[in-house]
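One file, run.txt, carrying compact mmCIF, C-alpha atoms:
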# COMPACT_ATOMS: atom_id res chain seq x y z
CA PRO A 1 0.00 0.00 0.00
CA LEU A 2 1.10 3.54 -0.56
CA THR A 3 2.68 5.25 2.41
CA PRO A 4 2.08 8.76 3.38
CA CYS A 5 5.89 9.38 3.72
CA ALA A 6 7.67 11.78 1.36
CA VAL A 7 10.46 10.48 -0.94
CA ASP A 8 13.96 11.12 0.44
CA GLN A 9 17.24 11.29 -1.62
CA ALA A 10 20.96 11.97 -1.20
CA THR A 11 23.62 13.15 -3.67
CA PHE A 12 27.14 11.64 -3.94
CA ILE A 13 29.61 13.81 -5.87
CA VAL A 14 32.61 12.08 -7.43
CA ALA A 15 35.68 14.17 -8.44
CA GLN A 16 38.18 12.61 -10.85
CA ASN A 17 41.70 14.08 -11.09
CA GLN A 18 43.74 13.38 -14.18
CA PRO A 19 47.24 11.95 -13.84
CA VAL A 20 50.11 14.22 -14.88
CA ASP A 21 52.63 13.50 -17.66
CA ALA A 22 56.28 14.52 -17.28
CA GLY A 23 57.20 13.06 -20.66
CA ILE A 24 59.81 10.43 -21.52
CA ASP A 25 63.44 10.57 -20.49
CA GLY A 26 65.61 12.28 -23.09
CA ALA A 27 69.24 13.10 -23.81
CA VAL A 28 71.03 15.91 -25.63
CA THR A 29 74.66 16.49 -26.62
CA LEU A 30 75.73 20.10 -26.92
CA CYS A 31 78.90 21.84 -28.01
CA ILE A 32 80.50 24.13 -25.44
CA SER A 33 80.06 26.90 -28.01
CA SER A 34 76.35 26.13 -28.56
CA THR A 35 73.66 28.65 -27.68
CA VAL A 36 71.43 28.24 -24.61
CA THR A 37 69.06 25.29 -24.88
CA ASP A 38 65.57 24.74 -23.40
CA LEU A 39 65.73 21.22 -21.94
CA TYR A 40 61.93 20.86 -22.13
CA ALA A 41 62.34 20.31 -25.90
CA SER A 42 64.57 17.31 -25.21
CA LEU A 43 61.88 15.41 -23.30
CA GLY A 44 60.11 12.69 -25.24
CA GLY A 45 56.38 12.12 -25.43
CA THR A 46 53.93 14.89 -24.58
CA PRO A 47 55.05 16.32 -21.26
CA ASP A 48 52.77 18.71 -19.40
CA VAL A 49 53.95 22.28 -19.16
CA GLY A 50 54.37 24.08 -15.88
CA GLY A 51 56.71 21.60 -14.17
CA ILE A 52 59.86 22.50 -12.32
CA TRP A 53 63.46 21.46 -12.99
CA THR A 54 66.23 20.35 -10.70
CA ALA A 55 69.90 20.25 -11.63
CA PRO A 56 72.32 17.40 -10.92
CA GLY A 57 72.61 17.32 -7.12
CA GLY A 58 69.03 18.53 -6.61
CA ALA A 59 69.37 22.28 -6.80
CA ALA A 60 66.61 24.32 -8.45
CA PHE A 61 67.11 24.96 -12.17
CA ASP A 62 65.24 27.20 -14.58
CA GLY A 63 65.25 24.68 -17.45
CA THR A 64 67.53 26.69 -19.74
CA PHE A 65 70.96 25.07 -20.14
CA THR A 66 73.97 27.27 -20.93
CA PRO A 67 77.01 25.32 -22.22
CA GLY A 68 80.22 26.37 -20.53
CA THR A 69 78.30 27.67 -17.51
CA ASP A 70 75.95 24.89 -16.43
CA ALA A 71 77.32 21.48 -15.51
CA ALA A 72 76.70 18.45 -17.69
CA GLY A 73 74.68 15.65 -16.08
CA VAL A 74 71.13 14.51 -15.38
CA TYR A 75 68.45 17.21 -15.14
CA THR A 76 65.03 16.22 -13.71
CA TYR A 77 61.64 17.60 -14.76
CA ASN A 78 58.96 17.28 -12.05
CA VAL A 79 55.21 17.77 -12.57
CA ALA A 80 53.06 17.96 -9.40
CA ALA A 81 49.73 16.10 -9.42
CA LEU A 82 46.50 16.57 -7.45
CA ALA A 83 45.86 13.82 -4.90
CA PRO A 84 45.34 10.99 -5.14
CA CYS A 85 47.34 11.06 -8.41
CA ALA A 86 51.10 10.67 -8.03
CA ASN A 87 53.61 13.28 -9.10
CA ALA A 88 55.52 12.51 -12.31
CA SER A 89 59.11 13.11 -13.33
CA ALA A 90 61.40 12.55 -16.32
CA THR A 91 65.03 13.31 -16.94
CA VAL A 92 67.24 14.84 -19.62
CA THR A 93 70.87 13.73 -19.65
CA VAL A 94 73.07 16.54 -20.95
CA ALA A 95 76.55 15.96 -22.40
CA VAL A 96 78.85 18.81 -23.44
CA VAL A 97 81.61 18.44 -26.04
CA SER A 98 84.56 20.76 -25.44
CA LEU A 99 86.31 22.48 -28.33
CA PRO A 100 90.01 21.64 -28.75
CA ASP A 101 92.54 24.41 -29.27
CA PRO A 102 94.14 24.51 -32.74
CA GLY A 103 96.46 27.36 -31.72
CA ASN A 104 96.94 30.75 -33.33
CA ALA A 105 97.96 31.45 -36.91
CA GLY A 106 101.69 31.48 -37.60
CA VAL A 107 103.91 33.02 -40.29
CA LEU A 108 107.32 31.73 -41.38
CA THR A 109 109.87 32.46 -44.10
CA LEU A 110 112.18 29.60 -45.08
CA CYS A 111 115.21 29.40 -47.32
CA THR A 112 114.74 26.85 -50.09
CA SER A 113 118.12 25.39 -49.21
CA GLY A 114 117.22 25.08 -45.52
CA ALA A 115 116.17 22.11 -43.42
CA ALA A 116 112.60 20.81 -43.09
CA GLN A 117 110.41 22.63 -40.56
CA ASP A 118 107.79 21.18 -38.19
CA LEU A 119 104.77 23.40 -38.83
CA PHE A 120 103.15 22.52 -35.47
CA ALA A 121 105.99 24.39 -33.75
CA VAL A 122 105.13 27.53 -35.75
CA LEU A 123 101.54 27.73 -34.45
CA GLY A 124 101.02 30.32 -31.74
CA GLY A 125 99.35 29.81 -28.39
CA THR A 126 99.03 26.31 -26.93
CA PRO A 127 97.59 24.14 -29.72
CA ASP A 128 96.34 20.64 -28.95
CA ALA A 129 98.07 17.77 -30.70
CA GLY A 130 96.30 15.17 -32.81
CA GLY A 131 95.12 17.30 -35.72
CA THR A 132 95.84 16.91 -39.43
CA TRP A 133 97.52 19.21 -41.97
CA THR A 134 96.51 20.21 -45.46
CA ALA A 135 98.78 21.91 -47.99
CA PRO A 136 97.87 24.91 -50.17
CA GLY A 137 95.20 23.61 -52.52
CA GLY A 138 93.75 21.22 -49.94
CA GLY A 139 95.91 18.13 -50.35
CA ALA A 140 96.95 16.12 -47.31
CA HIS A 141 100.30 17.08 -45.81
CA SER A 142 102.55 15.52 -43.19
CA GLY A 143 103.10 18.75 -41.27
CA SER A 144 106.84 18.66 -41.96
CA MET A 145 107.51 21.42 -44.49
CA ASP A 146 110.45 20.73 -46.81
CA PRO A 147 111.36 24.07 -48.42
CA ALA A 148 113.24 22.30 -51.20
CA SER A 149 110.14 20.48 -52.48
CA ASP A 150 106.99 21.89 -50.83
CA ALA A 151 105.18 24.95 -52.15
CA ALA A 152 104.85 28.29 -50.45
CA GLY A 153 101.38 29.26 -49.25
CA VAL A 154 98.89 28.63 -46.46
CA TYR A 155 99.07 25.32 -44.58
CA THR A 156 96.00 24.48 -42.46
CA TYR A 157 95.95 22.56 -39.17
CA THR A 158 92.53 21.02 -38.38
CA ILE A 159 91.27 19.17 -35.31
CA ASN A 160 88.10 17.18 -35.92
CA VAL A 161 85.53 17.05 -33.12
CA PRO A 162 82.27 15.09 -32.82
CA PRO A 163 78.92 16.74 -33.59
CA PRO A 164 77.35 19.06 -32.74
CA CYS A 165 80.67 20.90 -32.60
CA ALA A 166 82.30 21.96 -35.85
CA SER A 167 85.95 21.19 -36.50
CA VAL A 168 88.46 23.89 -35.54
CA SER A 169 91.52 24.96 -37.48
CA SER A 170 94.45 27.34 -37.63
CA THR A 171 96.99 28.19 -40.34
CA VAL A 172 100.69 28.68 -41.00
CA THR A 173 101.61 30.94 -43.92
CA ILE A 174 104.92 29.96 -45.54
CA THR A 175 107.07 32.25 -47.68
CA LEU A 176 110.08 30.82 -49.51
CA GLN A 177 113.31 32.70 -50.17
CA ALA A 178 115.82 31.54 -52.78
CA PRO A 179 119.46 31.40 -51.57
CA PRO A 180 122.15 33.50 -53.23
CA ASP A 181 124.25 31.88 -55.99
CA PRO A 182 127.96 32.74 -55.95
CA GLY A 183 128.68 30.34 -58.79
CA ILE A 184 131.11 27.40 -58.76
CA ASN A 185 134.77 27.60 -57.80
CA GLY A 186 137.11 28.44 -60.70
CA ALA A 187 140.83 28.63 -61.40
CA GLU A 188 143.14 30.70 -63.59
CA LEU A 189 146.72 30.11 -64.72
CA LEU A 190 148.16 33.39 -66.00
CA CYS A 191 151.46 34.57 -67.38
CA VAL A 192 153.03 37.55 -65.70
CA THR A 193 152.65 39.35 -69.02
CA SER A 194 148.95 38.41 -69.44
CA PRO A 195 146.41 41.26 -69.55
CA THR A 196 144.26 42.08 -66.51
CA ILE A 197 141.18 39.91 -66.04
CA ASP A 198 137.83 40.21 -64.24
CA LEU A 199 137.73 37.26 -61.83
CA PHE A 200 133.90 37.20 -61.97
CA GLY A 201 134.27 35.67 -65.44
CA SER A 202 136.40 32.91 -63.94
CA LEU A 203 133.58 31.64 -61.75
CA GLN A 204 131.67 28.68 -63.12
CA GLY A 205 127.90 28.20 -63.18
CA SER A 206 125.64 31.26 -63.11
CA PRO A 207 126.81 33.44 -60.22
CA ASP A 208 124.71 36.36 -59.01
CA ALA A 209 126.17 39.77 -59.70
CA GLY A 210 126.69 42.35 -56.99
CA GLY A 211 128.85 40.31 -54.63
CA SER A 212 132.13 41.36 -53.07
CA TRP A 213 135.68 39.98 -53.36
CA THR A 214 138.36 39.34 -50.77
CA ALA A 215 142.01 38.82 -51.66
CA PRO A 216 144.29 36.12 -50.25
CA GLY A 217 144.71 36.96 -46.55
CA GLY A 218 141.17 38.40 -46.25
CA GLY A 219 141.62 41.96 -47.43
CA ALA A 220 139.07 43.63 -49.64
CA PHE A 221 139.68 43.31 -53.36
CA GLY A 222 138.12 45.59 -55.91
CA GLY A 223 139.59 43.90 -59.00
CA PRO A 224 140.42 43.34 -61.72
CA PHE A 225 143.39 41.02 -61.30
CA THR A 226 146.63 42.36 -62.81
CA PRO A 227 149.38 39.77 -63.29
CA GLY A 228 152.67 41.00 -61.90
CA THR A 229 150.86 43.44 -59.60
CA SER A 230 148.06 41.52 -57.88
CA THR A 231 148.98 38.76 -55.46
CA PRO A 232 148.42 35.21 -56.71
CA GLY A 233 146.33 32.94 -54.47
CA THR A 234 142.70 32.25 -53.60
CA TYR A 235 140.22 35.08 -54.22
CA THR A 236 136.82 34.66 -52.54
CA TYR A 237 133.52 35.94 -53.97
CA THR A 238 130.69 36.50 -51.41
CA VAL A 239 127.02 37.11 -52.21
CA ILE A 240 124.88 38.38 -49.32
CA GLY A 241 121.80 36.23 -48.64
CA ILE A 242 118.34 37.58 -47.82
CA ALA A 243 117.20 36.26 -44.43
CA PRO A 244 116.77 33.51 -43.56
CA CYS A 245 119.19 32.40 -46.28
CA PRO A 246 122.86 32.66 -45.30
CA ASN A 247 125.58 34.33 -47.35
CA ALA A 248 127.18 32.15 -50.04
CA ILE A 249 130.76 32.07 -51.31
CA ALA A 250 132.81 30.69 -54.18
CA SER A 251 136.49 31.14 -54.98
CA VAL A 252 138.93 31.51 -57.85
CA ASP A 253 142.47 30.16 -57.45
CA VAL A 254 144.89 32.34 -59.42
CA ALA A 255 148.42 31.22 -60.29
CA VAL A 256 150.91 33.39 -62.18
CA THR A 257 153.94 32.03 -64.04
CA SER A 258 157.03 34.07 -64.89
CA ILE A 259 158.40 34.47 -68.42
CA PRO A 260 161.23 31.97 -68.96
CA ASP A 261 164.68 33.57 -69.43
CA ALA A 262 166.50 32.46 -72.60
CA GLY A 263 169.45 34.77 -71.88
CA SER A 264 170.95 37.44 -74.15
CA ASN A 265 171.98 36.95 -77.75
CA GLY A 266 175.54 35.74 -78.19
CA ASN A 267 177.95 34.76 -80.94
CA ILE A 268 180.82 32.40 -81.28
CA THR A 269 183.53 31.89 -83.94
CA LEU A 270 184.79 28.38 -84.43
CA CYS A 271 187.51 26.92 -86.67

Transcribe the structure of this file into structure tokens.
Amino acid sequence: PLTPCAVDQATFIVAQNQPVDAGIDGAVTLCISSTVTDLYASLGGTPDVGGIWTAPGGAAFDGTFTPGTDAAGVYTYNVAALAPCANASATVTVAVVSLPDPGNAGVLTLCTSGAAQDLFAVLGGTPDAGGTWTAPGGGAHSGSMDPASDAAGVYTYTINVPPPCASVSSTVTITLQAPPDPGINGAELLCVTSPTIDLFGSLQGSPDAGGSWTAPGGGAFGGPFTPGTSTPGTYTYTVIGIAPCPNAIASVDVAVTSIPDAGSNGNITLC
């Protein structure tokens, strides 16, 4: 039977909080010369915004990594959840590649008759070893410059580094200087009655003009050689070299013979 009581009811309200998403652990390798990097972009998945970062060791971090200032390591992204959902976190492991030092540009002038030169020793500063050399034109080079066979020009020292860093390089500019040519030693055998001679013409080869002569004993000699007046012996021709080439010398050995004496005319009467 129907009751005279009124219908009674109660309401039960259910609230449902959504779990938070900190994304998927990520990793990034940066060059020490790279620009600042937002680590949020290195998280995988679809991380919620608004979380907070902590640096390696647990200190607060703003999420923007500056190579050369911030320490490499594991950075943690934390997103707080409403109870009863649990907080969420993900990490970004940051590695930083340092740039090697290729040294400062160097300049060197070599004599083509000089010894080979280690180009690494010509670089300025404190260059790191382990790089490679290229010759003018881009061909591979050993780094030992032989002025007798290698070309003048710009030699490049390059140290390769892993991405994202770009390789670094420095240069050595080589200038070559030809040595002076005093010619090849010569010799003259003259008669005391021979005419004067220019000793430069007694040198062999193709001597450079403009040198200076010294007489036997080391005194200056202006030439030419006059038999019967000039002293026989070794005359030295010196051509001044342009640095770094040294001076060069050649010599002419001069001998003078006397006229033989046949005596005076005579006569004789014989039976």

Problem set entry | Computed interatomic separation between atom CA of A:Gly103 and atom CA of A:Leu30 (Å) |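 Between these atoms lies a distance of 22.5 Å.
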
Seminar exercise, completed: Atom pair atom CA of A:Thr112 + atom CA of A:Asp150, distance 9.2 Å

For this session: For atom CA of A:Leu108 and atom CA of A:Ile174, quote the distance in Å rounded to one decimal.
Result: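 Atom CA of A:Ile174 lies at a distance of 5.1 Å from atom CA of A:Leu108.
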
Exercise. Looking at A:Ala27, A:Ile240, A:Leu270, A:Ala187, which one is nearest to A:Val256, with distances taken over all atoms listed in the file?
Worked result: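 So, comparing all the options, the nearest one is A:Ala187.
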
For this session: Please provide the set of residues having any atom within 10 Å of A:Ser98, restricted to all atoms listed in the file, with same-chain residues fewer than 6 positions apart removed, written as an MDAnalysis selection string.
Result: chainID A and resid 30:33 67:68 161:162 165

Problem set entry | Residue nearest A:Thr37 among A:Gly210, A:Gly63, A:Pro100, A:Gly124 (counting all atoms listed in the file) |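 Closest to A:Thr37 of all the choices is A:Gly63.
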
Problem set entry | Residue with smallest distance to A:Ala81 - pool A:Val94, A:Ala60, A:Ala22, A:Val254, counting all atoms listed in the file |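 With all atoms listed in the file as the atom set, the closest residue is A:Ala22.
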
For this session: Tell me which of A:Gly26, A:Asp253, A:Ala116, A:Gly183 sits closest to A:Ala90, counting only C-alpha atoms.
Result: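 Among the listed residues, the smallest separation from A:Ala90 belongs to A:Gly26.
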
Exercise. Using all atoms listed in the file, which residue out of A:Asn185, A:Ser142, A:Ser230, A:Thr109 lies closest to A:Thr173?
Worked result: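 When distances to A:Thr173 are compared using all atoms listed in the file, the smallest one comes from A:Thr109.
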
Exercise. Which is closest to A:Gly201 among A:Ile249, A:Ala148, A:Ile184, A:Ile259, if we use only C-alpha atoms?
Worked result: A:Ile184

Problem set entry | Sel. within 12 Å of pt (41.9, 17.9, -15.6), counting all atoms listed in the file, output as a list in words |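 Result, sorted by chain then residue number: Ala15, Gln16, Asn17, Gln18, Pro19, Val20, Asp21, Asp48, Ala81, Leu82 and Cys85 of chain A.
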
Exercise. Can you list, as an MDAnalysis selection string, every protein, DNA or RNA residue that comes within 7 Å of A:Val79 when you count all atoms listed in the file, leaving out same-chain residues fewer than 3 positions away?
Worked result: chainID A and resid 20 22 51:52 87:89

Exercise. Can you tell me, as number ranges by chain, which residues sit within 7 Å of (62.5, 10.2, -22.0) in the file's frame, using all atoms listed in the file?
Worked result: A: 23-26, 43-44, 90-91

Report the centre and edge lengths, in Å to one decimal, of an axis-aligned box enclosing every atom of stretch 265-271 of chain A listed in the file, padded by 3 Å on each side, as lines of an AutoDock Vina configuration file.
center_x = 179.7
center_y = 31.9
center_z = -82.2
size_x = 21.5
size_y = 16.0
size_z = 14.9

Problem set entry | Selection: 9 Å around A:Thr226, only C-alpha atoms, excl. self and same-chain fewer than 5 positions, as a ChimeraX atom specification | /A:192,194-197,231

For this session: Find the spatial neighbours of A:Gly219, counting all atoms listed in the file, within a cut-off of 12 Å - ignore same-chain residues fewer than 3 positions away - and output them as a PyMOL selection string.
Result: chain A and resi 212-216+222-223+231+234-236

Model the absent atoms of stretch 82-94 of chain A so that N, CA, C and O atoms are present, and write the result as an mmCIF file, in the coordinates of the input.
data_model
loop_
_atom_site.group_PDB
_atom_site.id
_atom_site.type_symbol
_atom_site.label_atom_id
_atom_site.label_comp_id
_atom_site.auth_asym_id
_atom_site.auth_seq_id
_atom_site.Cartn_x
_atom_site.Cartn_y
_atom_site.Cartn_z
ATOM 1 N N LEU A 82 47.498 16.441 -8.511
ATOM 2 C CA LEU A 82 46.500 16.570 -7.450
ATOM 3 C C LEU A 82 46.202 15.187 -6.882
ATOM 4 O O LEU A 82 46.067 14.215 -7.624
ATOM 5 N N ALA A 83 46.163 15.101 -5.553
ATOM 6 C CA ALA A 83 45.860 13.820 -4.900
ATOM 7 C C ALA A 83 44.506 13.309 -5.423
ATOM 8 O O ALA A 83 43.608 14.094 -5.732
ATOM 9 N N PRO A 84 44.378 12.016 -5.575
ATOM 10 C CA PRO A 84 45.340 10.990 -5.140
ATOM 11 C C PRO A 84 46.340 10.609 -6.257
ATOM 12 O O PRO A 84 47.039 9.612 -6.114
ATOM 13 N N CYS A 85 46.384 11.378 -7.337
ATOM 14 C CA CYS A 85 47.340 11.060 -8.410
ATOM 15 C C CYS A 85 48.760 11.334 -7.937
ATOM 16 O O CYS A 85 49.010 12.273 -7.163
ATOM 17 N N ALA A 86 49.689 10.528 -8.416
ATOM 18 C CA ALA A 86 51.100 10.670 -8.030
ATOM 19 C C ALA A 86 51.790 11.718 -8.896
ATOM 20 O O ALA A 86 51.431 11.919 -10.063
ATOM 21 N N ASN A 87 52.769 12.382 -8.310
ATOM 22 C CA ASN A 87 53.610 13.280 -9.100
ATOM 23 C C ASN A 87 54.351 12.483 -10.172
ATOM 24 O O ASN A 87 54.524 11.262 -10.051
ATOM 25 N N ALA A 88 54.799 13.187 -11.213
ATOM 26 C CA ALA A 88 55.520 12.510 -12.310
ATOM 27 C C ALA A 88 56.835 13.246 -12.569
ATOM 28 O O ALA A 88 56.952 14.450 -12.343
ATOM 29 N N SER A 89 57.819 12.489 -13.015
ATOM 30 C CA SER A 89 59.110 13.110 -13.330
ATOM 31 C C SER A 89 59.754 12.383 -14.509
ATOM 32 O O SER A 89 59.464 11.213 -14.779
ATOM 33 N N ALA A 90 60.601 13.109 -15.224
ATOM 34 C CA ALA A 90 61.400 12.550 -16.320
ATOM 35 C C ALA A 90 62.737 13.286 -16.309
ATOM 36 O O ALA A 90 62.878 14.340 -15.688
ATOM 37 N N THR A 91 63.685 12.714 -16.982
ATOM 38 C CA THR A 91 65.030 13.310 -16.940
ATOM 39 C C THR A 91 65.553 13.607 -18.357
ATOM 40 O O THR A 91 65.129 12.994 -19.336
ATOM 41 N N VAL A 92 66.474 14.558 -18.405
ATOM 42 C CA VAL A 92 67.240 14.840 -19.620
ATOM 43 C C VAL A 92 68.721 14.776 -19.242
ATOM 44 O O VAL A 92 69.178 15.502 -18.360
ATOM 45 N N THR A 93 69.436 13.860 -19.898
ATOM 46 C CA THR A 93 70.870 13.730 -19.650
ATOM 47 C C THR A 93 71.618 14.609 -20.646
ATOM 48 O O THR A 93 71.486 14.443 -21.855
ATOM 49 N N VAL A 94 72.391 15.546 -20.123
ATOM 50 C CA VAL A 94 73.070 16.540 -20.950
ATOM 51 C C VAL A 94 74.569 16.227 -20.986
ATOM 52 O O VAL A 94 75.209 16.091 -19.942
#
